[in-house]
Amino acid sequence: MSRVVVTGRVPDAALEKLRTKHEVDAWAGPESIGREELLRRVAGADAVVSLLTERIDSELLDAAGPQLKVVANVAVGYDNIDVPACTERGIVATNTPGVLTEATADIALGLILSATRRLGEGERLIRSGQDWKWGMFFLLGSSLQGKTLGVVGMGGIGQATARRAKAFGMEIVYQSRREIDPVLADELGARRVELDELLAVSDIVSLHCPYGPATHHLIGAEQLAAMKDTAYLINTARGPIVDEAALASALREGQIAGAGLDVFENEPSVHPGLLELENVVLVPHLGSATVETRTAMAMLAADNALAVLEGERPPAPIG
Ligand code: DGY
């Protein structure tokens, strides 16, 4: 029997699965586990099932000890894990791709609609108790039909977002390291372009690339200036892909029309400049937040950890 440390609350089904074979020490506090407590608990663990709020770095791996075999992240993004540090120590790192694709694409579409149709503004207006009535020019937004969606990072979530946008009558361009499957490209009418062209032609720019040194502030002042002044920026990937201060300034100055953000540069803080603006929709990292999706993520993380503990290849190794 191995010792599995789970760093935060996860659906019971995943804990039960782990408990059938192993001793499980799961943090159950309402708040995130503190760093000191985490370092203390991982000592002697054979597996760590981690949430994206916990930094899995050399310090933590050393605190765990040489018996640690697997770090199973309950997220598709793994910028919280120092993967090279895991590899150096022979520890397998895993993530949860696939199971949150549709839920995250749904949120991207939700943000696109909320930003272009000014749903946040409308909601705030009604709740404020101000007088309002239907008017020909009242809270006019922007239609999606015939407009261009630029997808930055055309992996599973980018593709799922593009499919939805296509159903709304949008044209698709994308920037990605690889061409997508030609059958899908045909079906979507999607054209692969460089980032510069994508920024220049898109009415909505939606970010779906992983975060790392290569994508830190991929969208900054220069890129925002290259977008149409009628365009919207949507981020459901990772906050630091966007320079939030530059975005607040571009939105304030009318350099772009609006934005929809599910993720933030310094979560849970949000740049104060964004909080003052009407033309940005802000939601608190809800991309995968459905009961079904979170359960599937936790179950996949449990399967990953169990496989490694059994000496097998996990379903979703990183890299
Ligand atoms: C992920 O899996 O990376 C998401 O951000 C979690 O919601």
# chains A, B, ... in the order shown; residues from 1 in each chain; ligands from 1
>>> residues_around(residues="region 126-139 of chain A", least_positions_apart="2", cutoff="12 Å", atoms="only C-alpha atoms", output="number ranges by chain")
A: 115-124, 141-142, 278-279
>>> residues_around(residues="Ala257 (chain A)", least_positions_apart="3", cutoff="6 Å", atoms="only C-alpha atoms", output="ChimeraX atom specification")
/A:229-232
>>> write_last_selection(atoms="N, CA, C and O atoms", output="PDB file, in the first residue's frame")
ATOM      1  N   ASP A 229      -9.786  48.273 -33.570  1.00  0.00           N
ATOM      2  CA  ASP A 229     -10.358  48.972 -32.402  1.00  0.00           C
ATOM      3  C   ASP A 229     -11.791  48.496 -32.101  1.00  0.00           C
ATOM      4  O   ASP A 229     -12.371  48.848 -31.077  1.00  0.00           O
ATOM      5  N   THR A 230     -12.313  47.650 -32.996  1.00  0.00           N
ATOM      6  CA  THR A 230     -13.646  47.051 -32.757  1.00  0.00           C
ATOM      7  C   THR A 230     -13.529  45.620 -32.229  1.00  0.00           C
ATOM      8  O   THR A 230     -14.547  44.935 -32.076  1.00  0.00           O
ATOM      9  N   ALA A 231     -12.302  45.163 -31.973  1.00  0.00           N
ATOM     10  CA  ALA A 231     -12.096  43.747 -31.634  1.00  0.00           C
ATOM     11  C   ALA A 231     -12.165  43.498 -30.125  1.00  0.00           C
ATOM     12  O   ALA A 231     -12.052  44.420 -29.309  1.00  0.00           O
ATOM     13  N   TYR A 232     -12.316  42.207 -29.797  1.00  0.00           N
ATOM     14  CA  TYR A 232     -12.417  41.767 -28.393  1.00  0.00           C
ATOM     15  C   TYR A 232     -11.339  40.722 -28.124  1.00  0.00           C
ATOM     16  O   TYR A 232     -11.030  39.909 -29.004  1.00  0.00           O
TER      17      TYR A 232
END
>>> residues_near_ligand(ligand="ligand 1", cutoff="6 Å", atoms="only C-alpha atoms and all ligand atoms", output="MDAnalysis selection string")
chainID A and resid 75:77 287:288
>>> write_last_selection(atoms="C-alpha atoms", output="mmCIF file, in the first residue's frame")
data_model
loop_
_atom_site.group_PDB
_atom_site.id
_atom_site.type_symbol
_atom_site.label_atom_id
_atom_site.label_comp_id
_atom_site.auth_asym_id
_atom_site.auth_seq_id
_atom_site.Cartn_x
_atom_site.Cartn_y
_atom_site.Cartn_z
ATOM 1 C CA ALA A 75 -5.773 20.319 -14.450
ATOM 2 C CA VAL A 76 -4.763 20.329 -18.069
ATOM 3 C CA GLY A 77 -2.468 23.325 -17.482
ATOM 4 C CA GLY A 287 -13.480 27.224 -17.349
ATOM 5 C CA SER A 288 -13.767 23.667 -16.084
#
>>> select_by_dssp(residues="region 131-238 of chain A", states="strand (DSSP E)", output="number ranges by chain")
A: 148-152, 171-175, 191-192, 204-207, 232-235
>>> write_last_selection(atoms="N, CA and C atoms", output="PDB file, in the first residue's frame")
ATOM      1  N   THR A 148     -14.726  37.414 -37.771  1.00  0.00           N
ATOM      2  CA  THR A 148     -13.615  36.455 -37.753  1.00  0.00           C
ATOM      3  C   THR A 148     -13.153  36.191 -36.325  1.00  0.00           C
ATOM      4  N   LEU A 149     -13.073  34.896 -35.993  1.00  0.00           N
ATOM      5  CA  LEU A 149     -12.485  34.477 -34.715  1.00  0.00           C
ATOM      6  C   LEU A 149     -11.032  34.087 -34.972  1.00  0.00           C
ATOM      7  N   GLY A 150     -10.125  34.658 -34.208  1.00  0.00           N
ATOM      8  CA  GLY A 150      -8.711  34.275 -34.282  1.00  0.00           C
ATOM      9  C   GLY A 150      -8.385  33.436 -33.057  1.00  0.00           C
ATOM     10  N   VAL A 151      -8.028  32.171 -33.288  1.00  0.00           N
ATOM     11  CA  VAL A 151      -7.738  31.257 -32.175  1.00  0.00           C
ATOM     12  C   VAL A 151      -6.223  31.160 -32.022  1.00  0.00           C
ATOM     13  N   VAL A 152      -5.734  31.530 -30.860  1.00  0.00           N
ATOM     14  CA  VAL A 152      -4.291  31.431 -30.599  1.00  0.00           C
ATOM     15  C   VAL A 152      -4.074  30.154 -29.802  1.00  0.00           C
ATOM     16  N   GLU A 171     -16.088  33.196 -39.261  1.00  0.00           N
ATOM     17  CA  GLU A 171     -14.940  32.695 -40.015  1.00  0.00           C
ATOM     18  C   GLU A 171     -13.836  32.398 -38.999  1.00  0.00           C
ATOM     19  N   ILE A 172     -12.963  31.439 -39.334  1.00  0.00           N
ATOM     20  CA  ILE A 172     -11.934  31.047 -38.350  1.00  0.00           C
ATOM     21  C   ILE A 172     -10.530  31.200 -38.939  1.00  0.00           C
ATOM     22  N   VAL A 173      -9.653  31.886 -38.219  1.00  0.00           N
ATOM     23  CA  VAL A 173      -8.215  31.811 -38.500  1.00  0.00           C
ATOM     24  C   VAL A 173      -7.555  31.321 -37.216  1.00  0.00           C
ATOM     25  N   TYR A 174      -6.396  30.712 -37.337  1.00  0.00           N
ATOM     26  CA  TYR A 174      -5.731  30.256 -36.115  1.00  0.00           C
ATOM     27  C   TYR A 174      -4.224  30.341 -36.253  1.00  0.00           C
ATOM     28  N   GLN A 175      -3.596  30.476 -35.088  1.00  0.00           N
ATOM     29  CA  GLN A 175      -2.138  30.442 -35.018  1.00  0.00           C
ATOM     30  C   GLN A 175      -1.782  29.286 -34.107  1.00  0.00           C
ATOM     31  N   ARG A 191      -8.094  28.773 -41.458  1.00  0.00           N
ATOM     32  CA  ARG A 191      -6.841  29.093 -42.139  1.00  0.00           C
ATOM     33  C   ARG A 191      -5.768  29.367 -41.085  1.00  0.00           C
ATOM     34  N   ARG A 192      -4.593  28.713 -41.251  1.00  0.00           N
ATOM     35  CA  ARG A 192      -3.504  28.949 -40.297  1.00  0.00           C
ATOM     36  C   ARG A 192      -2.712  30.188 -40.724  1.00  0.00           C
ATOM     37  N   ILE A 204     -12.576  38.785 -32.962  1.00  0.00           N
ATOM     38  CA  ILE A 204     -12.438  38.235 -31.608  1.00  0.00           C
ATOM     39  C   ILE A 204     -11.116  37.476 -31.608  1.00  0.00           C
ATOM     40  N   VAL A 205     -10.267  37.735 -30.627  1.00  0.00           N
ATOM     41  CA  VAL A 205      -9.027  36.955 -30.461  1.00  0.00           C
ATOM     42  C   VAL A 205      -9.214  36.118 -29.203  1.00  0.00           C
ATOM     43  N   SER A 206      -9.152  34.793 -29.343  1.00  0.00           N
ATOM     44  CA  SER A 206      -9.384  33.924 -28.188  1.00  0.00           C
ATOM     45  C   SER A 206      -8.122  33.103 -27.906  1.00  0.00           C
ATOM     46  N   LEU A 207      -7.657  33.172 -26.667  1.00  0.00           N
ATOM     47  CA  LEU A 207      -6.371  32.555 -26.320  1.00  0.00           C
ATOM     48  C   LEU A 207      -6.569  31.144 -25.761  1.00  0.00           C
ATOM     49  N   TYR A 232     -12.316  42.207 -29.797  1.00  0.00           N
ATOM     50  CA  TYR A 232     -12.417  41.767 -28.393  1.00  0.00           C
ATOM     51  C   TYR A 232     -11.339  40.722 -28.124  1.00  0.00           C
ATOM     52  N   LEU A 233     -10.820  40.722 -26.906  1.00  0.00           N
ATOM     53  CA  LEU A 233      -9.838  39.717 -26.489  1.00  0.00           C
ATOM     54  C   LEU A 233     -10.486  38.808 -25.447  1.00  0.00           C
ATOM     55  N   ILE A 234     -10.343  37.495 -25.650  1.00  0.00           N
ATOM     56  CA  ILE A 234     -10.920  36.524 -24.714  1.00  0.00           C
ATOM     57  C   ILE A 234      -9.781  35.656 -24.186  1.00  0.00           C
ATOM     58  N   ASN A 235      -9.710  35.488 -22.872  1.00  0.00           N
ATOM     59  CA  ASN A 235      -8.659  34.631 -22.303  1.00  0.00           C
ATOM     60  C   ASN A 235      -9.253  33.619 -21.337  1.00  0.00           C
TER      61      ASN A 235
END
>>> closest_residue(among="A:Glu23, A:Glu54, A:Glu197, A:Glu36", to="Ala72 (chain A)", atoms="only C-alpha atoms")
A:Glu54
>>> closest_residue(among="A:Val70, A:Ile180, A:Met227, A:Ile112", to="Val4 (chain A)", atoms="only C-alpha atoms")
A:Val70
>>> residues_around(residues="region 82-97 of chain A", least_positions_apart="2", cutoff="7 Å", atoms="only C-alpha atoms", output="mmCIF file with all heavy atoms, in the first residue's frame")
data_model
loop_
_atom_site.group_PDB
_atom_site.id
_atom_site.type_symbol
_atom_site.label_atom_id
_atom_site.label_comp_id
_atom_site.auth_asym_id
_atom_site.auth_seq_id
_atom_site.Cartn_x
_atom_site.Cartn_y
_atom_site.Cartn_z
ATOM 1 N N ILE A 56 4.392 23.001 -7.351
ATOM 2 C CA ILE A 56 5.129 21.743 -7.178
ATOM 3 C C ILE A 56 6.528 21.989 -7.733
ATOM 4 O O ILE A 56 6.765 21.914 -8.949
ATOM 5 C CB ILE A 56 4.427 20.582 -7.929
ATOM 6 C CG1 ILE A 56 2.934 20.497 -7.553
ATOM 7 C CG2 ILE A 56 5.153 19.270 -7.669
ATOM 8 C CD1 ILE A 56 2.622 20.159 -6.105
ATOM 9 N N ASP A 57 7.443 22.326 -6.846
ATOM 10 C CA ASP A 57 8.793 22.708 -7.279
ATOM 11 C C ASP A 57 9.830 21.823 -6.574
ATOM 12 O O ASP A 57 9.469 20.882 -5.843
ATOM 13 C CB ASP A 57 9.036 24.195 -6.979
ATOM 14 C CG ASP A 57 8.780 24.527 -5.504
ATOM 15 O OD1 ASP A 57 8.596 23.589 -4.692
ATOM 16 O OD2 ASP A 57 8.764 25.716 -5.161
ATOM 17 N N SER A 58 11.113 22.154 -6.789
ATOM 18 C CA SER A 58 12.181 21.328 -6.206
ATOM 19 C C SER A 58 12.045 21.211 -4.696
ATOM 20 O O SER A 58 12.248 20.134 -4.124
ATOM 21 C CB SER A 58 13.552 21.936 -6.504
ATOM 22 O OG SER A 58 13.720 22.009 -7.872
ATOM 23 N N LEU A 68 8.967 9.367 -3.914
ATOM 24 C CA LEU A 68 7.855 9.956 -4.682
ATOM 25 C C LEU A 68 7.945 9.529 -6.147
ATOM 26 O O LEU A 68 8.986 9.676 -6.784
ATOM 27 C CB LEU A 68 7.900 11.493 -4.576
ATOM 28 C CG LEU A 68 6.775 12.229 -5.316
ATOM 29 C CD1 LEU A 68 5.404 11.887 -4.739
ATOM 30 C CD2 LEU A 68 6.992 13.747 -5.279
ATOM 31 N N LYS A 69 6.855 8.972 -6.640
ATOM 32 C CA LYS A 69 6.870 8.433 -8.011
ATOM 33 C C LYS A 69 6.061 9.264 -8.992
ATOM 34 O O LYS A 69 6.325 9.248 -10.182
ATOM 35 C CB LYS A 69 6.287 7.004 -8.015
ATOM 36 C CG LYS A 69 7.145 6.022 -7.274
ATOM 37 C CD LYS A 69 6.479 4.640 -7.238
ATOM 38 C CE LYS A 69 7.185 3.748 -6.234
ATOM 39 N NZ LYS A 69 7.136 4.279 -4.847
ATOM 40 N N VAL A 70 5.028 9.933 -8.503
ATOM 41 C CA VAL A 70 4.144 10.613 -9.453
ATOM 42 C C VAL A 70 3.524 11.869 -8.856
ATOM 43 O O VAL A 70 3.162 11.894 -7.677
ATOM 44 C CB VAL A 70 3.040 9.639 -9.956
ATOM 45 C CG1 VAL A 70 2.268 8.991 -8.825
ATOM 46 C CG2 VAL A 70 2.074 10.315 -10.937
ATOM 47 N N VAL A 71 3.447 12.909 -9.697
ATOM 48 C CA VAL A 71 2.679 14.105 -9.369
ATOM 49 C C VAL A 71 1.557 14.173 -10.400
ATOM 50 O O VAL A 71 1.810 14.288 -11.605
ATOM 51 C CB VAL A 71 3.550 15.378 -9.455
ATOM 52 C CG1 VAL A 71 2.678 16.621 -9.309
ATOM 53 C CG2 VAL A 71 4.642 15.361 -8.402
ATOM 54 N N ALA A 72 0.324 14.010 -9.927
ATOM 55 C CA ALA A 72 -0.824 13.968 -10.838
ATOM 56 C C ALA A 72 -1.635 15.252 -10.661
ATOM 57 O O ALA A 72 -2.347 15.419 -9.669
ATOM 58 C CB ALA A 72 -1.685 12.747 -10.535
ATOM 59 N N ASN A 73 -1.506 16.163 -11.623
ATOM 60 C CA ASN A 73 -2.191 17.453 -11.522
ATOM 61 C C ASN A 73 -3.652 17.302 -11.936
ATOM 62 O O ASN A 73 -3.943 16.660 -12.949
ATOM 63 C CB ASN A 73 -1.509 18.445 -12.482
ATOM 64 C CG ASN A 73 -1.432 19.852 -11.944
ATOM 65 O OD1 ASN A 73 -1.339 20.049 -10.725
ATOM 66 N ND2 ASN A 73 -1.448 20.839 -12.818
ATOM 67 N N VAL A 74 -4.542 17.912 -11.166
ATOM 68 C CA VAL A 74 -5.961 17.871 -11.530
ATOM 69 C C VAL A 74 -6.249 19.123 -12.370
ATOM 70 O O VAL A 74 -6.977 20.026 -11.965
ATOM 71 C CB VAL A 74 -6.863 17.833 -10.277
ATOM 72 C CG1 VAL A 74 -8.308 17.531 -10.675
ATOM 73 C CG2 VAL A 74 -6.384 16.788 -9.278
ATOM 74 N N ALA A 75 -5.641 19.182 -13.527
ATOM 75 C CA ALA A 75 -5.773 20.319 -14.450
ATOM 76 C C ALA A 75 -5.082 19.926 -15.742
ATOM 77 O O ALA A 75 -4.162 19.090 -15.719
ATOM 78 C CB ALA A 75 -5.107 21.568 -13.874
ATOM 79 N N VAL A 76 -5.500 20.556 -16.822
ATOM 80 C CA VAL A 76 -4.763 20.329 -18.069
ATOM 81 C C VAL A 76 -3.512 21.201 -18.093
ATOM 82 O O VAL A 76 -2.446 20.795 -18.549
ATOM 83 C CB VAL A 76 -5.654 20.552 -19.329
ATOM 84 C CG1 VAL A 76 -6.089 21.991 -19.473
ATOM 85 C CG2 VAL A 76 -4.952 20.083 -20.590
ATOM 86 N N TYR A 78 -0.265 22.946 -16.583
ATOM 87 C CA TYR A 78 0.651 22.454 -15.537
ATOM 88 C C TYR A 78 1.789 23.442 -15.273
ATOM 89 O O TYR A 78 2.895 23.056 -14.909
ATOM 90 C CB TYR A 78 1.178 21.055 -15.884
ATOM 91 C CG TYR A 78 1.731 20.908 -17.288
ATOM 92 C CD1 TYR A 78 3.041 21.243 -17.583
ATOM 93 C CD2 TYR A 78 0.925 20.426 -18.307
ATOM 94 C CE1 TYR A 78 3.551 21.098 -18.862
ATOM 95 C CE2 TYR A 78 1.408 20.283 -19.596
ATOM 96 C CZ TYR A 78 2.725 20.618 -19.865
ATOM 97 O OH TYR A 78 3.203 20.485 -21.136
ATOM 98 N N ASN A 80 1.998 25.181 -12.811
ATOM 99 C CA ASN A 80 2.303 25.123 -11.372
ATOM 100 C C ASN A 80 3.333 24.038 -11.048
ATOM 101 O O ASN A 80 3.794 23.941 -9.915
ATOM 102 C CB ASN A 80 1.032 24.854 -10.556
ATOM 103 C CG ASN A 80 0.351 23.543 -10.932
ATOM 104 O OD1 ASN A 80 0.178 23.248 -12.104
ATOM 105 N ND2 ASN A 80 -0.022 22.752 -9.956
ATOM 106 N N VAL A 99 -10.721 15.930 -20.909
ATOM 107 C CA VAL A 99 -11.989 15.888 -20.161
ATOM 108 C C VAL A 99 -12.589 17.275 -19.877
ATOM 109 O O VAL A 99 -13.764 17.363 -19.518
ATOM 110 C CB VAL A 99 -11.843 15.092 -18.837
ATOM 111 C CG1 VAL A 99 -11.612 13.629 -19.118
ATOM 112 C CG2 VAL A 99 -10.734 15.664 -17.969
ATOM 113 N N LEU A 100 -11.777 18.331 -19.998
ATOM 114 C CA LEU A 100 -12.336 19.663 -19.737
ATOM 115 C C LEU A 100 -12.451 20.510 -20.997
ATOM 116 O O LEU A 100 -12.767 21.704 -20.937
ATOM 117 C CB LEU A 100 -11.517 20.394 -18.665
ATOM 118 C CG LEU A 100 -10.004 20.389 -18.789
ATOM 119 C CD1 LEU A 100 -9.539 21.333 -19.838
ATOM 120 C CD2 LEU A 100 -9.383 20.699 -17.454
ATOM 121 N N MET A 297 -12.100 15.224 -14.265
ATOM 122 C CA MET A 297 -10.694 15.631 -14.075
ATOM 123 C C MET A 297 -10.073 14.881 -12.891
ATOM 124 O O MET A 297 -8.952 14.362 -12.970
ATOM 125 C CB MET A 297 -10.603 17.147 -13.823
ATOM 126 C CG MET A 297 -10.908 17.985 -15.040
ATOM 127 S SD MET A 297 -11.231 19.725 -14.602
ATOM 128 C CE MET A 297 -9.609 20.281 -14.094
ATOM 129 N N LEU A 300 -9.528 11.223 -13.701
ATOM 130 C CA LEU A 300 -8.365 11.011 -14.584
ATOM 131 C C LEU A 300 -7.063 11.182 -13.800
ATOM 132 O O LEU A 300 -6.114 10.399 -13.975
ATOM 133 C CB LEU A 300 -8.430 11.971 -15.783
ATOM 134 C CG LEU A 300 -7.275 11.907 -16.775
ATOM 135 C CD1 LEU A 300 -6.988 10.480 -17.249
ATOM 136 C CD2 LEU A 300 -7.545 12.811 -17.988
ATOM 137 N N ALA A 301 -7.028 12.167 -12.907
ATOM 138 C CA ALA A 301 -5.823 12.342 -12.080
ATOM 139 C C ALA A 301 -5.608 11.104 -11.205
ATOM 140 O O ALA A 301 -4.468 10.622 -11.047
ATOM 141 C CB ALA A 301 -5.942 13.599 -11.220
ATOM 142 N N ASN A 304 -4.255 8.385 -13.331
ATOM 143 C CA ASN A 304 -2.832 8.644 -13.610
ATOM 144 C C ASN A 304 -1.963 8.193 -12.442
ATOM 145 O O ASN A 304 -0.961 7.490 -12.623
ATOM 146 C CB ASN A 304 -2.615 10.145 -13.842
ATOM 147 C CG ASN A 304 -2.980 10.587 -15.256
ATOM 148 O OD1 ASN A 304 -2.792 9.843 -16.223
ATOM 149 N ND2 ASN A 304 -3.490 11.796 -15.382
ATOM 150 N N ALA A 316 -2.313 9.927 -19.028
ATOM 151 C CA ALA A 316 -2.004 11.283 -19.516
ATOM 152 C C ALA A 316 -0.695 11.820 -18.929
ATOM 153 O O ALA A 316 -0.693 12.742 -18.121
ATOM 154 C CB ALA A 316 -3.166 12.211 -19.189
ATOM 155 N N PRO A 317 0.428 11.248 -19.389
ATOM 156 C CA PRO A 317 1.707 11.794 -18.921
ATOM 157 C C PRO A 317 1.957 13.153 -19.575
ATOM 158 O O PRO A 317 1.482 13.391 -20.682
ATOM 159 C CB PRO A 317 2.726 10.766 -19.435
ATOM 160 C CG PRO A 317 2.067 10.120 -20.612
ATOM 161 C CD PRO A 317 0.584 10.178 -20.371
ATOM 162 N N ILE A 318 2.695 14.015 -18.891
ATOM 163 C CA ILE A 318 3.050 15.315 -19.488
ATOM 164 C C ILE A 318 4.315 15.104 -20.319
ATOM 165 O O ILE A 318 5.283 14.519 -19.841
ATOM 166 C CB ILE A 318 3.312 16.370 -18.381
ATOM 167 C CG1 ILE A 318 1.999 16.694 -17.654
ATOM 168 C CG2 ILE A 318 3.946 17.625 -18.959
ATOM 169 C CD1 ILE A 318 2.157 17.528 -16.395
#
>>> closest_residue(among="A:Ala305, A:Val183, A:Ala103, A:Val42", to="Glu292 (chain A)", atoms="only C-alpha atoms")
A:Ala103
>>> select_by_dssp(residues="region 110-291 of chain A", states="helix (DSSP H, G or I)", output="JSON, numbers by chain")
{"A": [110, 111, 112, 113, 114, 115, 116, 119, 120, 121, 122, 123, 124, 125, 126, 127, 128, 156, 157, 158, 159, 160, 161, 162, 163, 164, 165, 166, 167, 182, 183, 184, 185, 186, 187, 188, 195, 196, 197, 198, 199, 200, 201, 213, 214, 215, 221, 222, 223, 224, 225, 226, 239, 240, 241, 244, 245, 246, 247, 248, 249, 250, 251, 252, 272, 273, 274, 275, 291]}
>>> write_last_selection(atoms="C-alpha atoms", output="PDB file, in the first residue's frame")
ATOM      1  CA  GLY A 110     -19.954  32.517 -22.935  1.00  0.00           C
ATOM      2  CA  LEU A 111     -17.337  35.236 -22.591  1.00  0.00           C
ATOM      3  CA  ILE A 112     -17.483  36.039 -26.305  1.00  0.00           C
ATOM      4  CA  LEU A 113     -21.253  36.496 -26.086  1.00  0.00           C
ATOM      5  CA  SER A 114     -21.101  38.350 -22.757  1.00  0.00           C
ATOM      6  CA  ALA A 115     -18.469  40.783 -23.997  1.00  0.00           C
ATOM      7  CA  THR A 116     -19.919  41.428 -27.459  1.00  0.00           C
ATOM      8  CA  LEU A 119     -24.333  41.236 -20.688  1.00  0.00           C
ATOM      9  CA  GLY A 120     -22.217  42.231 -17.691  1.00  0.00           C
ATOM     10  CA  GLU A 121     -23.025  45.899 -18.203  1.00  0.00           C
ATOM     11  CA  GLY A 122     -26.727  45.118 -18.549  1.00  0.00           C
ATOM     12  CA  GLU A 123     -26.756  43.008 -15.400  1.00  0.00           C
ATOM     13  CA  ARG A 124     -24.926  45.658 -13.390  1.00  0.00           C
ATOM     14  CA  LEU A 125     -27.306  48.324 -14.647  1.00  0.00           C
ATOM     15  CA  ILE A 126     -30.425  46.442 -13.554  1.00  0.00           C
ATOM     16  CA  ARG A 127     -28.956  45.497 -10.182  1.00  0.00           C
ATOM     17  CA  SER A 128     -27.929  49.109  -9.559  1.00  0.00           C
ATOM     18  CA  GLY A 156      -8.397  20.588 -28.285  1.00  0.00           C
ATOM     19  CA  ILE A 157      -9.928  23.597 -26.505  1.00  0.00           C
ATOM     20  CA  GLY A 158      -9.086  25.985 -29.353  1.00  0.00           C
ATOM     21  CA  GLN A 159     -10.687  23.574 -31.824  1.00  0.00           C
ATOM     22  CA  ALA A 160     -13.797  23.139 -29.674  1.00  0.00           C
ATOM     23  CA  THR A 161     -14.126  26.927 -29.408  1.00  0.00           C
ATOM     24  CA  ALA A 162     -13.706  27.253 -33.192  1.00  0.00           C
ATOM     25  CA  ARG A 163     -16.460  24.670 -33.783  1.00  0.00           C
ATOM     26  CA  ARG A 164     -18.838  26.655 -31.610  1.00  0.00           C
ATOM     27  CA  ALA A 165     -17.906  29.930 -33.307  1.00  0.00           C
ATOM     28  CA  LYS A 166     -18.447  28.320 -36.711  1.00  0.00           C
ATOM     29  CA  ALA A 167     -21.967  27.371 -35.603  1.00  0.00           C
ATOM     30  CA  PRO A 182      -6.976  18.921 -42.846  1.00  0.00           C
ATOM     31  CA  VAL A 183     -10.451  17.383 -42.605  1.00  0.00           C
ATOM     32  CA  LEU A 184     -11.234  19.556 -39.576  1.00  0.00           C
ATOM     33  CA  ALA A 185      -9.619  22.599 -41.213  1.00  0.00           C
ATOM     34  CA  ASP A 186     -11.926  22.082 -44.213  1.00  0.00           C
ATOM     35  CA  GLU A 187     -14.957  21.562 -42.030  1.00  0.00           C
ATOM     36  CA  LEU A 188     -14.239  24.781 -40.125  1.00  0.00           C
ATOM     37  CA  LEU A 195       0.100  35.904 -34.962  1.00  0.00           C
ATOM     38  CA  ASP A 196       0.560  39.337 -36.615  1.00  0.00           C
ATOM     39  CA  GLU A 197      -1.993  38.549 -39.293  1.00  0.00           C
ATOM     40  CA  LEU A 198      -4.364  36.961 -36.787  1.00  0.00           C
ATOM     41  CA  LEU A 199      -4.328  40.101 -34.637  1.00  0.00           C
ATOM     42  CA  ALA A 200      -4.902  42.338 -37.641  1.00  0.00           C
ATOM     43  CA  VAL A 201      -7.841  40.437 -39.165  1.00  0.00           C
ATOM     44  CA  PRO A 213       8.267  31.349 -20.792  1.00  0.00           C
ATOM     45  CA  ALA A 214       7.489  31.418 -24.536  1.00  0.00           C
ATOM     46  CA  THR A 215       3.954  32.722 -24.013  1.00  0.00           C
ATOM     47  CA  ALA A 221       0.809  46.686 -25.611  1.00  0.00           C
ATOM     48  CA  GLU A 222       2.201  46.098 -29.114  1.00  0.00           C
ATOM     49  CA  GLN A 223      -0.142  43.194 -29.879  1.00  0.00           C
ATOM     50  CA  LEU A 224      -3.173  45.040 -28.487  1.00  0.00           C
ATOM     51  CA  ALA A 225      -2.298  48.024 -30.679  1.00  0.00           C
ATOM     52  CA  ALA A 226      -2.206  45.673 -33.679  1.00  0.00           C
ATOM     53  CA  GLY A 239      -3.591  34.960 -16.986  1.00  0.00           C
ATOM     54  CA  PRO A 240       0.079  35.789 -17.532  1.00  0.00           C
ATOM     55  CA  ILE A 241      -0.258  35.207 -21.293  1.00  0.00           C
ATOM     56  CA  GLU A 244      -2.955  42.895 -17.708  1.00  0.00           C
ATOM     57  CA  ALA A 245      -1.748  46.481 -17.208  1.00  0.00           C
ATOM     58  CA  ALA A 246      -1.419  46.902 -20.994  1.00  0.00           C
ATOM     59  CA  LEU A 247      -4.870  45.383 -21.481  1.00  0.00           C
ATOM     60  CA  ALA A 248      -6.455  47.749 -18.941  1.00  0.00           C
ATOM     61  CA  SER A 249      -4.891  50.679 -20.757  1.00  0.00           C
ATOM     62  CA  ALA A 250      -5.963  49.431 -24.227  1.00  0.00           C
ATOM     63  CA  LEU A 251      -9.541  48.969 -23.000  1.00  0.00           C
ATOM     64  CA  ARG A 252      -9.593  52.374 -21.322  1.00  0.00           C
ATOM     65  CA  PRO A 272      -7.423  47.396 -10.422  1.00  0.00           C
ATOM     66  CA  GLY A 273      -7.558  49.120 -13.811  1.00  0.00           C
ATOM     67  CA  LEU A 274      -9.754  46.299 -15.124  1.00  0.00           C
ATOM     68  CA  LEU A 275     -12.163  46.474 -12.211  1.00  0.00           C
ATOM     69  CA  VAL A 291     -19.815  18.990 -11.619  1.00  0.00           C
TER      70      VAL A 291
END
>>> residues_around(residues="Ala13 (chain A)", least_positions_apart="4", cutoff="12 Å", atoms="only C-alpha atoms", output="NGL selection string")
:A and (9 or 17-20 or 291-292 or 294-303)
>>> atom_distance(atom1="CA of Arg178 (chain A)", atom2="CA of Gln145 (chain A)")
27.1 Å
>>> atom_distance(atom1="CA of Glu179 (chain A)", atom2="CA of Val193 (chain A)")
9.9 Å
>>> atom_distance(atom1="CA of Glu102 (chain A)", atom2="CA of Ala289 (chain A)")
11.2 Å
>>> residues_around(residues="Val263 (chain A)", least_positions_apart="3", cutoff="12 Å", atoms="only C-alpha atoms", output="number ranges by chain")
A: 104, 107-108, 111, 207-208, 211, 234-244, 259-260, 266-271, 281-288
>>> closest_residue(among="A:Gly311, A:Glu265, A:Arg177, A:Glu276", to="Ile219 (chain A)", atoms="only C-alpha atoms")
A:Glu265
>>> closest_residue(among="A:Leu218, A:Thr53, A:Gly169, A:Lys21", to="Gly153 (chain A)", atoms="only C-alpha atoms")
A:Leu218
